Structure formats: structure tokens, C-alpha cells
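Structure below is upload_21.txt: compact mmCIF, C-alpha atoms.
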```
# COMPACT_ATOMS: atom_id res chain seq x y z
CA MET A 1 -83.77 13.99 -30.45
CA TYR A 2 -86.91 13.29 -32.45
CA GLU A 3 -85.10 10.81 -34.74
CA SER A 4 -84.67 8.63 -31.65
CA LEU A 5 -88.42 8.76 -31.21
CA LEU A 6 -88.81 7.52 -34.76
CA MET A 7 -86.46 4.61 -33.96
CA MET A 8 -88.63 3.70 -30.97
CA PHE A 9 -91.77 3.64 -33.12
CA LEU A 10 -89.94 1.66 -35.82
CA ALA A 11 -88.89 -1.03 -33.36
CA ALA A 12 -92.34 -1.21 -31.77
CA GLY A 13 -94.05 -1.20 -35.17
CA PHE A 14 -91.82 -3.99 -36.44
CA ILE A 15 -92.63 -6.16 -33.45
CA GLY A 16 -96.37 -5.49 -33.73
CA ALA A 17 -96.48 -6.18 -37.47
CA ALA A 18 -94.25 -9.26 -37.20
CA ALA A 19 -96.47 -10.75 -34.50
CA VAL A 20 -99.62 -10.31 -36.57
CA VAL A 21 -98.03 -11.74 -39.73
CA VAL A 22 -96.50 -14.73 -37.93
CA GLY A 23 -99.79 -15.44 -36.18
CA ALA A 24 -101.72 -15.31 -39.46
CA LEU A 25 -99.24 -17.65 -41.18
CA LEU A 26 -98.77 -20.26 -38.48
CA GLY A 27 -102.28 -20.81 -37.21
CA PRO A 28 -104.56 -23.51 -38.63
CA LYS A 29 -107.34 -22.35 -40.97
CA ARG A 30 -110.47 -24.33 -40.32
CA ALA A 31 -113.11 -21.63 -40.12
CA GLY A 32 -116.80 -22.09 -40.83
CA PRO A 33 -119.79 -19.74 -40.79
CA ASP A 34 -120.58 -20.56 -37.15
CA LYS A 35 -117.06 -19.98 -35.99
CA LEU A 36 -116.88 -16.65 -37.75
CA ALA A 37 -120.20 -15.35 -36.41
CA ALA A 38 -120.18 -12.68 -33.72
CA TYR A 39 -120.37 -14.15 -30.21
CA GLU A 40 -123.74 -13.62 -28.58
CA SER A 41 -123.69 -16.05 -25.67
CA GLY A 42 -124.22 -19.08 -27.89
CA LEU A 43 -127.43 -17.93 -29.51
CA PRO A 44 -127.52 -17.27 -33.27
CA ALA A 45 -126.20 -13.75 -33.85
CA THR A 46 -128.84 -11.21 -34.82
CA GLY A 47 -128.19 -7.93 -36.60
CA THR A 48 -125.00 -5.94 -36.32
CA ALA A 49 -123.50 -3.84 -33.58
CA ARG A 50 -123.79 -0.67 -35.64
CA GLU A 51 -126.50 0.62 -33.35
CA ARG A 52 -127.08 3.94 -31.70
CA PHE A 53 -125.64 4.25 -28.24
CA PRO A 54 -126.58 6.53 -25.33
CA VAL A 55 -125.86 10.22 -25.78
CA HIS A 56 -124.24 10.18 -22.34
CA PHE A 57 -121.02 8.81 -23.80
CA TYR A 58 -120.94 11.75 -26.20
CA LEU A 59 -121.52 14.22 -23.36
CA VAL A 60 -118.71 12.71 -21.33
CA ALA A 61 -116.39 12.98 -24.32
CA MET A 62 -117.32 16.64 -24.78
CA LEU A 63 -116.76 17.40 -21.10
CA PHE A 64 -113.43 15.66 -21.31
CA ILE A 65 -112.31 17.91 -24.15
CA LEU A 66 -113.27 21.01 -22.17
CA PHE A 67 -111.54 19.99 -18.97
CA ASP A 68 -108.56 18.39 -20.63
CA VAL A 69 -107.87 21.65 -22.43
CA GLU A 70 -107.96 23.22 -18.99
CA ALA A 71 -105.32 20.77 -17.81
CA ALA A 72 -103.30 21.47 -20.95
CA PHE A 73 -103.34 25.20 -20.18
CA PHE A 74 -101.97 24.42 -16.74
CA PHE A 75 -98.85 22.72 -18.06
CA PRO A 76 -96.99 25.81 -19.32
CA LEU A 77 -98.07 27.66 -16.19
CA ALA A 78 -96.69 24.86 -14.01
CA VAL A 79 -93.36 24.72 -15.85
CA LYS A 80 -92.74 28.45 -15.44
CA PHE A 81 -94.41 28.72 -12.04
CA GLY A 82 -91.16 29.53 -10.24
CA MET A 83 -90.68 32.77 -12.22
CA ALA A 84 -93.57 34.70 -10.62
CA PRO A 85 -95.28 32.38 -8.14
CA GLN A 86 -97.72 34.83 -6.55
CA PHE A 87 -98.86 36.40 -9.81
CA LEU A 88 -99.26 33.03 -11.49
CA PHE A 89 -101.07 31.58 -8.48
CA ALA A 90 -103.61 34.43 -8.63
CA GLN A 91 -104.06 33.74 -12.34
CA ALA A 92 -104.55 30.04 -11.71
CA ILE A 93 -107.20 30.79 -9.08
CA ILE A 94 -109.13 33.06 -11.46
CA PHE A 95 -108.87 30.45 -14.23
CA VAL A 96 -110.11 27.67 -11.96
CA ALA A 97 -112.92 29.86 -10.61
CA ILE A 98 -114.26 30.48 -14.12
CA LEU A 99 -114.11 26.77 -14.91
CA ALA A 100 -115.69 25.89 -11.58
CA VAL A 101 -118.86 27.71 -12.65
CA GLY A 102 -119.13 25.48 -15.70
CA TYR A 103 -118.24 22.41 -13.67
CA ILE A 104 -120.98 23.06 -11.11
CA TYR A 105 -123.45 23.73 -13.94
CA VAL A 106 -122.59 20.41 -15.57
CA ILE A 107 -123.05 18.50 -12.33
CA ARG A 108 -126.35 20.23 -11.50
CA LYS A 109 -127.52 19.48 -15.03
CA GLY A 110 -127.06 15.80 -14.22
CA VAL A 111 -124.61 14.97 -17.00
CA LEU A 112 -122.78 12.55 -14.73
CA ASP A 113 -125.89 10.79 -13.36
CA TRP A 114 -126.02 7.44 -15.15
CA LYS A 115 -129.50 5.99 -15.15
CA MET B 116 -76.22 11.75 -27.63
CA ASP B 117 -75.87 8.22 -28.94
CA PRO B 118 -75.62 7.50 -32.67
CA LEU B 119 -78.86 6.57 -34.36
CA TRP B 120 -78.08 2.90 -34.88
CA VAL B 121 -77.35 2.54 -31.17
CA THR B 122 -80.74 4.09 -30.46
CA LEU B 123 -82.41 1.62 -32.80
CA ILE B 124 -80.71 -1.31 -31.07
CA LYS B 125 -81.68 0.09 -27.69
CA ALA B 126 -85.27 0.47 -28.86
CA PHE B 127 -85.36 -3.17 -30.01
CA VAL B 128 -83.76 -4.40 -26.82
CA LEU B 129 -86.22 -2.36 -24.77
CA CYS B 130 -89.18 -3.83 -26.68
CA LEU B 131 -87.89 -7.38 -26.24
CA VAL B 132 -87.17 -6.83 -22.55
CA LEU B 133 -90.66 -5.43 -22.04
CA LEU B 134 -92.21 -8.41 -23.82
CA GLY B 135 -90.10 -10.84 -21.80
CA ALA B 136 -91.11 -9.04 -18.64
CA PHE B 137 -94.73 -9.28 -19.79
CA ALA B 138 -94.42 -13.04 -20.20
CA TYR B 139 -93.05 -13.50 -16.74
CA MET B 140 -95.42 -10.95 -15.19
CA THR B 141 -98.33 -13.16 -16.27
CA LEU B 142 -96.71 -16.07 -14.45
CA ILE B 143 -95.87 -13.99 -11.38
CA GLU B 144 -99.40 -12.61 -11.30
CA ARG B 145 -100.98 -16.05 -11.51
CA ARG B 146 -98.67 -17.40 -8.82
CA ILE B 147 -99.30 -14.48 -6.46
CA LEU B 148 -103.05 -14.59 -7.06
CA GLY B 149 -102.92 -18.32 -6.40
CA ARG B 150 -101.15 -17.76 -3.10
CA MET B 151 -103.62 -15.09 -2.10
CA GLN B 152 -106.52 -17.44 -2.84
CA HIS B 153 -105.03 -20.49 -1.08
CA ARG B 154 -104.20 -22.45 -4.21
CA HIS B 155 -101.00 -23.15 -6.10
CA GLY B 156 -101.27 -21.41 -9.44
CA PRO B 157 -99.40 -22.82 -12.45
CA ASN B 158 -96.59 -25.06 -11.12
CA ARG B 159 -96.52 -28.06 -13.48
CA THR B 160 -94.61 -26.59 -16.43
CA GLY B 161 -90.99 -26.63 -15.33
CA PRO B 162 -89.77 -25.73 -11.84
CA PHE B 163 -92.21 -23.27 -10.18
CA GLY B 164 -94.05 -23.12 -13.50
CA LEU B 165 -91.16 -21.18 -15.02
CA LEU B 166 -91.78 -22.58 -18.50
CA GLN B 167 -95.47 -21.66 -18.45
CA PRO B 168 -95.01 -18.30 -20.26
CA ILE B 169 -93.13 -20.06 -23.08
CA ALA B 170 -95.90 -22.61 -23.40
CA ASP B 171 -98.46 -19.81 -23.47
CA ALA B 172 -96.52 -17.92 -26.14
CA ILE B 173 -96.22 -20.98 -28.40
CA LYS B 174 -99.88 -21.76 -27.92
CA SER B 175 -101.08 -18.27 -28.81
CA VAL B 176 -98.92 -18.15 -31.95
CA PHE B 177 -100.28 -21.47 -33.21
CA LYS B 178 -103.93 -20.71 -32.45
CA GLU B 179 -106.31 -20.12 -35.32
CA ASP B 180 -106.46 -16.46 -36.26
CA ILE B 181 -110.18 -15.70 -36.56
CA ILE B 182 -111.54 -12.69 -38.43
CA VAL B 183 -115.24 -12.37 -37.74
CA THR B 184 -117.46 -12.22 -40.84
CA ASN B 185 -119.11 -8.92 -40.01
CA ALA B 186 -115.90 -7.26 -38.87
CA ASP B 187 -114.32 -4.25 -40.53
CA LYS B 188 -111.29 -6.30 -41.56
CA VAL B 189 -108.62 -3.61 -41.92
CA VAL B 190 -109.41 -1.92 -38.62
CA TYR B 191 -109.84 -5.30 -36.93
CA VAL B 192 -106.27 -6.27 -37.83
CA MET B 193 -104.82 -2.80 -37.19
CA ALA B 194 -106.31 -2.30 -33.71
CA PRO B 195 -104.14 -4.74 -31.73
CA MET B 196 -101.08 -3.40 -33.55
CA ILE B 197 -101.97 0.17 -32.56
CA SER B 198 -102.36 -1.00 -28.99
CA ILE B 199 -98.97 -2.69 -28.78
CA ILE B 200 -97.05 -0.05 -30.75
CA PHE B 201 -98.12 2.78 -28.48
CA ALA B 202 -97.77 0.70 -25.34
CA LEU B 203 -94.14 -0.15 -26.21
CA SER B 204 -93.23 3.32 -27.50
CA ALA B 205 -94.43 5.07 -24.35
CA PHE B 206 -91.74 3.37 -22.31
CA GLY B 207 -88.94 4.77 -24.48
CA ALA B 208 -88.97 8.15 -22.75
CA ILE B 209 -88.47 6.75 -19.24
CA PRO B 210 -84.87 7.26 -18.09
CA GLY B 211 -83.25 4.15 -16.60
CA GLY B 212 -80.18 5.80 -15.05
CA PRO B 213 -77.84 8.82 -15.16
CA ALA B 214 -76.39 9.82 -18.54
CA GLY B 215 -73.81 7.40 -19.94
CA SER B 216 -74.15 4.92 -17.08
CA LEU B 217 -75.08 1.89 -19.21
CA PHE B 218 -71.70 0.69 -20.57
CA GLY B 219 -71.02 4.26 -21.70
CA PHE B 220 -74.41 4.61 -23.39
CA ASN B 221 -77.42 6.48 -22.12
CA PRO B 222 -79.89 4.15 -20.40
CA TRP B 223 -82.92 5.53 -22.25
CA VAL B 224 -84.09 5.45 -25.84
CA VAL B 225 -85.11 9.06 -26.13
CA ASP B 226 -84.53 11.99 -23.77
CA LEU B 227 -87.38 14.41 -24.43
CA ASP B 228 -87.78 17.89 -22.96
CA ILE B 229 -91.51 17.17 -22.94
CA GLY B 230 -91.13 13.67 -21.51
CA VAL B 231 -94.11 13.98 -19.18
CA LEU B 232 -96.42 15.11 -21.97
CA TYR B 233 -95.05 12.43 -24.30
CA VAL B 234 -95.78 9.58 -21.89
CA LEU B 235 -99.24 10.96 -21.06
CA ALA B 236 -100.08 11.45 -24.73
CA VAL B 237 -98.77 8.15 -26.08
CA THR B 238 -100.32 6.03 -23.32
CA SER B 239 -103.68 7.63 -24.00
CA VAL B 240 -103.42 6.96 -27.74
CA GLY B 241 -103.47 3.31 -26.68
CA VAL B 242 -107.20 3.69 -26.03
CA TYR B 243 -107.66 3.85 -29.81
CA GLY B 244 -106.44 0.28 -30.02
CA ILE B 245 -109.07 -0.82 -27.54
CA PHE B 246 -111.85 1.31 -28.97
CA LEU B 247 -111.20 0.48 -32.62
CA GLY B 248 -110.83 -3.20 -31.78
CA GLY B 249 -114.20 -3.29 -30.07
CA TRP B 250 -115.86 -1.27 -32.78
CA ALA B 251 -114.38 -3.18 -35.71
CA SER B 252 -115.42 -6.56 -34.25
CA ASN B 253 -119.02 -5.56 -34.95
CA SER B 254 -120.20 -7.52 -31.95
CA LYS B 255 -122.40 -6.14 -29.19
CA TYR B 256 -120.27 -7.20 -26.27
CA ALA B 257 -117.14 -5.88 -27.90
CA LEU B 258 -118.80 -2.55 -28.67
CA LEU B 259 -120.00 -2.19 -25.07
CA GLY B 260 -116.53 -2.97 -23.78
CA SER B 261 -114.86 -0.47 -26.05
CA LEU B 262 -117.37 2.30 -25.25
CA ARG B 263 -116.89 1.76 -21.55
CA SER B 264 -113.18 1.75 -21.96
CA SER B 265 -113.04 5.04 -23.86
CA ALA B 266 -115.39 6.77 -21.43
CA GLN B 267 -113.35 5.48 -18.51
CA ILE B 268 -109.96 6.36 -19.89
CA ILE B 269 -110.92 9.89 -20.85
CA SER B 270 -112.47 10.43 -17.42
CA TYR B 271 -109.36 9.34 -15.57
CA GLU B 272 -107.04 11.13 -17.92
CA LEU B 273 -108.05 14.34 -16.12
CA GLY B 274 -107.01 13.09 -12.71
CA LEU B 275 -103.76 11.87 -14.21
CA GLY B 276 -102.96 15.15 -15.96
CA LEU B 277 -103.86 17.33 -13.01
CA SER B 278 -102.09 15.36 -10.30
CA VAL B 279 -98.85 15.42 -12.23
CA LEU B 280 -98.90 19.24 -12.14
CA SER B 281 -97.68 19.43 -8.53
CA VAL B 282 -94.49 17.63 -9.49
CA ILE B 283 -93.99 19.87 -12.52
CA MET B 284 -94.53 23.02 -10.48
CA ILE B 285 -91.88 21.95 -7.99
CA ALA B 286 -89.38 20.68 -10.56
CA GLY B 287 -90.03 23.44 -13.10
CA THR B 288 -89.44 21.10 -16.05
CA LEU B 289 -91.22 18.47 -18.14
CA ASN B 290 -88.04 16.48 -18.72
CA LEU B 291 -88.31 13.20 -16.81
CA ARG B 292 -84.57 12.96 -16.18
CA GLU B 293 -84.44 16.48 -14.75
CA ILE B 294 -87.45 15.76 -12.54
CA VAL B 295 -85.56 12.80 -11.10
CA GLU B 296 -82.44 14.94 -10.59
CA VAL B 297 -84.43 17.65 -8.76
CA GLY B 298 -85.91 15.12 -6.32
CA VAL B 299 -89.33 16.64 -5.58
CA TRP B 300 -89.50 15.45 -1.96
CA THR B 301 -86.19 17.07 -1.03
CA VAL B 302 -87.27 20.64 -1.88
CA SER B 303 -89.18 21.46 1.29
CA PRO B 304 -91.20 19.63 3.99
CA TRP B 305 -94.03 22.12 3.38
CA LEU B 306 -94.58 20.47 0.03
CA TRP B 307 -95.04 16.98 1.45
CA PRO B 308 -98.81 17.15 2.13
CA PRO B 309 -99.83 18.30 -1.39
CA LEU B 310 -97.31 15.91 -2.94
CA ALA B 311 -98.70 13.00 -0.93
CA VAL B 312 -102.24 13.81 -2.06
CA ALA B 313 -101.12 14.16 -5.67
CA PHE B 314 -99.24 10.85 -5.42
CA VAL B 315 -102.31 8.95 -4.23
CA ALA B 316 -104.53 10.59 -6.87
CA PHE B 317 -101.96 9.78 -9.52
CA VAL B 318 -101.65 6.12 -8.55
CA ILE B 319 -105.44 5.68 -8.58
CA SER B 320 -105.76 7.38 -11.98
CA ALA B 321 -102.89 5.32 -13.35
CA ILE B 322 -104.58 2.08 -12.30
CA ALA B 323 -107.76 3.26 -14.03
CA GLU B 324 -105.77 4.18 -17.15
CA VAL B 325 -104.33 0.70 -17.49
CA ASN B 326 -107.73 -0.95 -16.92
CA ARG B 327 -106.77 -2.94 -13.86
CA THR B 328 -109.10 -4.09 -11.10
CA PRO B 329 -111.07 -2.34 -9.56
CA PHE B 330 -111.29 -0.39 -12.82
CA ASP B 331 -111.31 -3.31 -15.28
CA LEU B 332 -114.78 -2.58 -16.64
CA PRO B 333 -113.73 -2.82 -20.31
CA GLU B 334 -113.15 -6.56 -19.85
CA ALA B 335 -115.61 -7.29 -17.00
CA GLU B 336 -116.03 -10.95 -17.93
CA GLN B 337 -119.07 -11.50 -15.71
CA GLU B 338 -121.02 -8.73 -17.43
CA ILE B 339 -119.90 -8.39 -21.03
CA VAL B 340 -118.01 -11.65 -21.72
CA ALA B 341 -114.57 -10.16 -22.38
CA GLY B 342 -115.42 -6.67 -23.56
CA TYR B 343 -113.32 -5.50 -26.48
CA LEU B 344 -111.45 -8.85 -26.51
CA THR B 345 -114.55 -10.94 -27.18
CA GLU B 346 -113.95 -11.57 -30.89
CA TYR B 347 -110.16 -11.76 -30.81
CA SER B 348 -108.17 -14.98 -30.84
CA GLY B 349 -104.61 -16.21 -31.14
CA ILE B 350 -101.81 -13.70 -31.48
CA LYS B 351 -104.10 -10.68 -31.74
CA TRP B 352 -105.59 -11.52 -28.38
CA ALA B 353 -102.07 -11.98 -27.03
CA LEU B 354 -101.10 -8.55 -28.38
CA TYR B 355 -103.88 -6.96 -26.33
CA GLN B 356 -102.70 -8.83 -23.25
CA MET B 357 -99.15 -7.66 -23.95
CA SER B 358 -100.22 -4.06 -24.25
CA GLU B 359 -102.13 -4.25 -20.99
CA TYR B 360 -99.08 -5.50 -19.12
CA VAL B 361 -96.66 -3.18 -20.91
CA ASN B 362 -98.98 -0.31 -20.02
CA MET B 363 -98.90 -1.45 -16.40
CA MET B 364 -95.12 -1.41 -16.49
CA THR B 365 -95.07 2.02 -18.08
CA ALA B 366 -97.46 3.28 -15.43
CA ALA B 367 -95.31 1.79 -12.67
CA ALA B 368 -92.15 3.32 -14.15
CA PHE B 369 -93.87 6.67 -14.68
CA ILE B 370 -95.10 6.80 -11.07
CA SER B 371 -91.63 5.89 -9.80
CA THR B 372 -89.95 8.47 -12.01
CA LEU B 373 -92.27 11.31 -11.09
CA PHE B 374 -92.83 10.69 -7.42
CA LEU B 375 -90.25 8.25 -6.09
CA GLY B 376 -86.96 9.43 -7.54
CA GLY B 377 -87.01 7.08 -10.56
CA TYR B 378 -83.60 5.59 -11.24
CA ARG B 379 -81.99 7.05 -8.08
CA GLY B 380 -81.20 4.74 -5.19
CA PRO B 381 -82.14 5.35 -1.56
CA TYR B 382 -80.12 8.00 0.31
CA VAL B 383 -79.33 5.68 3.20
CA LEU B 384 -77.64 3.22 0.88
CA GLU B 385 -75.78 6.04 -0.85
CA ARG B 386 -74.19 6.86 2.55
CA LEU B 387 -73.09 3.26 3.06
CA ILE B 388 -71.99 2.49 -0.51
CA PRO B 389 -71.03 5.75 -2.25
CA GLY B 390 -72.11 5.77 -5.88
CA SER B 391 -74.82 3.16 -5.40
CA SER B 392 -77.57 5.56 -6.44
CA GLU B 393 -75.84 6.01 -9.80
CA TRP B 394 -76.30 2.36 -10.76
CA PRO B 395 -78.49 2.16 -13.83
CA ILE B 396 -81.77 0.27 -14.24
CA ILE B 397 -81.76 -1.66 -10.95
CA TRP B 398 -83.46 0.96 -8.77
CA LEU B 399 -86.09 1.71 -11.36
CA VAL B 400 -86.86 -1.99 -11.74
CA LEU B 401 -87.13 -2.42 -7.96
CA LYS B 402 -89.53 0.51 -7.66
CA MET B 403 -91.56 -0.77 -10.60
CA ALA B 404 -91.74 -4.19 -8.95
CA ILE B 405 -93.36 -2.61 -5.88
CA PHE B 406 -96.10 -1.09 -8.01
CA MET B 407 -96.58 -4.22 -10.10
CA PHE B 408 -97.10 -6.12 -6.86
CA LEU B 409 -99.54 -3.44 -5.74
CA PHE B 410 -101.55 -3.83 -8.96
CA ILE B 411 -101.74 -7.61 -8.48
CA TRP B 412 -102.56 -7.27 -4.80
CA LEU B 413 -105.42 -4.90 -5.61
CA ARG B 414 -106.76 -7.40 -8.12
CA ALA B 415 -106.90 -10.05 -5.42
CA THR B 416 -108.47 -7.68 -2.89
CA LEU B 417 -110.95 -5.29 -4.44
CA PRO B 418 -114.23 -5.97 -6.25
CA ARG B 419 -115.00 -4.12 -9.46
CA PHE B 420 -116.64 -0.69 -9.55
CA ARG B 421 -120.12 -0.35 -10.95
CA TYR B 422 -120.09 1.82 -14.06
CA ASP B 423 -121.90 4.86 -12.60
CA GLN B 424 -119.75 4.70 -9.45
CA LEU B 425 -116.67 4.67 -11.64
CA MET B 426 -117.71 7.79 -13.54
CA ARG B 427 -118.81 9.62 -10.41
CA PHE B 428 -115.59 8.75 -8.62
CA GLY B 429 -113.48 10.04 -11.48
CA TRP B 430 -115.34 13.28 -12.10
CA LEU B 431 -116.50 14.26 -8.63
CA TYR B 432 -113.66 13.12 -6.38
CA LEU B 433 -110.46 12.40 -8.23
CA PHE B 434 -110.70 15.47 -10.44
CA GLU B 435 -111.33 17.80 -7.49
CA VAL B 436 -108.71 16.22 -5.26
CA ALA B 437 -106.08 16.45 -7.99
CA LEU B 438 -106.96 20.08 -8.69
CA ALA B 439 -106.86 20.89 -4.97
CA ALA B 440 -103.43 19.29 -4.64
CA THR B 441 -102.18 21.38 -7.56
CA LEU B 442 -103.51 24.63 -6.12
CA LEU B 443 -102.18 23.77 -2.68
CA THR B 444 -98.72 23.17 -4.15
CA GLY B 445 -99.01 26.50 -5.93
CA ALA B 446 -100.03 28.25 -2.69
CA VAL B 447 -97.12 26.73 -0.78
CA ILE B 448 -94.60 27.74 -3.45
CA ALA B 449 -96.08 31.24 -3.72
CA PHE B 450 -96.57 32.12 -0.06
CA VAL B 451 -94.48 29.82 2.14
CA LEU B 452 -91.23 29.15 0.32
```
Any chance you could put this one into C-alpha cells?
Amino acid sequence: MYESLLMMFLAAGFIGAAAVVVGALLGPKRAGPDKLAAYESGLPATGTARERFPVHFYLVAMLFILFDVEAAFFFPLAVKFGMAPQFLFAQAIIFVAILAVGYIYVIRKGVLDWK
Amino acid sequence: MDPLWVTLIKAFVLCLVLLGAFAYMTLIERRILGRMQHRHGPNRTGPFGLLQPIADAIKSVFKEDIIVTNADKVVYVMAPMISIIFALSAFGAIPGGPAGSLFGFNPWVVDLDIGVLYVLAVTSVGVYGIFLGGWASNSKYALLGSLRSSAQIISYELGLGLSVLSVIMIAGTLNLREIVEVGVWTVSPWLWPPLAVAFVAFVISAIAEVNRTPFDLPEAEQEIVAGYLTEYSGIKWALYQMSEYVNMMTAAAFISTLFLGGYRGPYVLERLIPGSSEWPIIWLVLKMAIFMFLFIWLRATLPRFRYDQLMRFGWLYLFEVALAATLLTGAVIAFVL
């Protein structure tokens, strides 16, 4: 089963690599310093883009990890839900209730308010 | 199961079909958008502009392949490849028909027991292509585009993952083919309301995942030039376009498979022509076409979200609605059925 997956990635990888190689070989090569400069709306490029960026992005990524793990925990529960629906439903409610506390805290804290 | 070499051929054919479909989707999109905006769209290259995609392909191959001076060269070249590889591979798990219906072969490349997880996981690896591309370009616009894109995709990933849970609860499996065979809408009318909510939440999240209008902030050309694409040219730029459209097709096929009976035909037609719902490929393609049209239609209709609205919508509404639909499905299964 997983060998087939490998075949899929092989085919896709071949096409991706072939496209890049063909593009690099066939195109004209007439580059100069201006053409190869980063685009900054026509003005001379200043500095690099290796700058600090707002911590908000980092917070969102951290939140995502927390809540995506929550979603990941739900998957096995959902697959086997038919085995003991009422018991598992109670468990899901408790699980969600605990997470809801954190969720409300995060929102009150203003993590999702972009200024 | 098919022999390995057959799988390899199927994988190649699938990739080529997806790329061909991409080429013609660009034409169809431009024609439909033209119609919706009272203009013609491309109609000079061949009848109805049918040769336009070929002209575009030739042009993008023969364009100069620019590598920006400041760029991180290895990552800069790798990023579009990552994008296209994962975009194409994600489609492999989508079943195109019942077992053995395609000239005696199975109409899918790989039949995974964790098909749902596979498609979710591989499509979200695609964000690395976008993020690394923007970062490696070492250009401010590209960096902004890639940051936006990663923040957006991880925010909407939650809605996507949670709204799919209703279907899994009802079907009791992660195998896409088995989900189609169960037919989630046929289980009980009590499940229709939560399923409908989950369906809407899923479609919205899927549109956000593939960066289409109104969620196309990563490219927002009026604000940040072309986002992560700013410094790309020629075939690398084309690879990003390909992955966007292939991702759209995967999303359309994934929605159809989970919520609309995938490769199965309509019941009414099955009554009239027995066996018609066993035909491979055609029903899936028809259902995908509906969603592709929807994506294009939305692009012509809706303006773009502002960034803070986008984040608030994902975290405050979509997340909660998807979770509510899941719990409601659970309640119905536990206490009504």
C-alpha cells in the first residue's frame, strides 16, 4: 500500500524536477544587477528582508499547534465513535470544556486582535 | 491490488491529467471571468481561445529564469518544486470509481486506510512551498506574502480538520473509498442539519486553504505586489500557478468525496440506467466541475478580506461552528439514533 504512495511521489517529483531543469536550460540568460535586484516598487532595493516580524505571527502558530493537536485527538475518537457513543460523547464534552477555558483566555488576552 | 509498475503509470497519467486540466482551467477561468465582467476573455488564439493554454505553457518555459542576487539559492529553487510535488501527490488518494472499474484496474493511485488524514496532511505541507519561496526570495513583499499565507493556512486548517469529523463519526472510517460507500447523507435524516453545517464550514475552509478569493491575501496584488510570487519568473512561477490550481482540484475532489458521494452517480439516474453510478471518473469530474465553477464565481463576486477580518473569521466563527457541528453530530448519534 505504501509503495504505491512512493510511486505517486516519484511521478510528482519527476515532473517537478523536470520542469525546473527544462526551464533553466531553455530560457535566455541576459541578467544584469538591476534585473536581479529584489523588487521594491521600482526604487533601488535597500537592505534585506531578514528583518524581525511581529510576534503575533508566532502566537498564532503556537495557538495553532495547541488546537490542531486537539483536532488530532478527535480523529481516533471519531473513527471509533460508534462503539460507545454516549460514553465517548461525554468524554468529548469534557475534553472540549477544558479546551474552551484556554480558548476564552486566549481571546480575552487579545491574541487575535490585530492592530 | 495492482502491480507496482501499473501504479507508477497511473501516477504519471494522473499527474499529466492534472496538469492538462490546470492548463484548461486557466482558460476556462479567464473566459468565465470575462463573461461575468461583460468582456470576452482570451478568444484570439484558436477557436474560443482553445490554444491559449499551449501558448502560455510555451511562453513560460522559454522565459528567462531569474534567481535574485540576495536569494537563498537552494531554497529558492526547491520551493516551487515542493509546492507542485505535494499538490500533485495529494490527489493520488482520491478514489475515482469502484474497485477494478477502470479497464480492470483500480481508478486510484493509492487506497489508504488513513486517506482523510493523508489528504489533509499533504495539502498542508504545500504551505512550505509558499512560505519557503517567499522567505528565500529575500524580498520584503515576498516575505509579507509568505507570512500571511502561513498564518492564514494554519488558521483555516482547524476549521478544515474539525468539520471533517462529522463525516468520520458517521462513516466510522478514514478510508475515502469506504466513506463514499457508506454515503453519509443516507444514514439518517436527523444527521442532515449537522452535516449541512459541517459541509458549509468545510467548503469555506477549503477555499481559504487553496488561497482563492476572498481569501487570496498571500498574493493580494493591490497590497503586496504578488506576495510570495514577486521574485519568481518563468517556469518556477508557472509551477506555483500549477500548484494553486491542482490544489483547487484536490479540494474540489475532496469535498465531493467526503460530502457528496464522490465517484457515485445520482440515485435517480441509477433507477433509470442500472449500473450508471458504477461508472468510473465521470461523476467525480462532474462534481469537481461544480466546485471549480463555484471557486471562479466567488472570485468574480466577492472582494478580498482584510487581514484582521480573515484571522477573526477563522478563529472566532469557523472554528466554533465546525466544533459545534461535530458535537451536534456526536449528540445525534449518541442520543437519537
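As for atom CA of B:Ile396 and atom CA of B:Gly211, they are spaced 4.8 Å apart.
For the residues B:Val279, B:Leu310, B:Leu384, B:Met363, ranking by smallest atom-to-atom distance to B:Phe206 using all atoms listed in the file places B:Met363 first.
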Enumerate as a CSV table (one decimal) with C-alpha atoms, in the coordinates of the input the residues belonging to chain A that approach chain B to within 6 Å, with all atoms listed in the file taken into account.
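As written to disk, selection32.csv reads:
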```csv
chain,number,residue,atom,x,y,z
A,4,SER,CA,-84.7,8.6,-31.6
A,7,MET,CA,-86.5,4.6,-34.0
A,8,MET,CA,-88.6,3.7,-31.0
A,9,PHE,CA,-91.8,3.6,-33.1
A,11,ALA,CA,-88.9,-1.0,-33.4
A,12,ALA,CA,-92.3,-1.2,-31.8
A,13,GLY,CA,-94.0,-1.2,-35.2
A,16,GLY,CA,-96.4,-5.5,-33.7
A,23,GLY,CA,-99.8,-15.4,-36.2
A,24,ALA,CA,-101.7,-15.3,-39.5
A,26,LEU,CA,-98.8,-20.3,-38.5
A,27,GLY,CA,-102.3,-20.8,-37.2
A,28,PRO,CA,-104.6,-23.5,-38.6
A,36,LEU,CA,-116.9,-16.6,-37.8
A,37,ALA,CA,-120.2,-15.4,-36.4
A,38,ALA,CA,-120.2,-12.7,-33.7
A,49,ALA,CA,-123.5,-3.8,-33.6
A,78,ALA,CA,-96.7,24.9,-14.0
A,79,VAL,CA,-93.4,24.7,-15.8
A,81,PHE,CA,-94.4,28.7,-12.0
A,85,PRO,CA,-95.3,32.4,-8.1
A,86,GLN,CA,-97.7,34.8,-6.6
A,114,TRP,CA,-126.0,7.4,-15.2
```
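Across the structure, atom CA of B:Leu165 and atom CA of B:Ala136 are spaced 12.7 Å apart.
Considering all atoms listed in the file, the residue among A:Phe95, A:Phe89, A:Tyr103, A:Tyr39 positioned nearest to A:Phe64 is A:Tyr103.
The space separating atom CA of B:Ala341 from atom CA of B:Ser261 comes to 10.4 Å.
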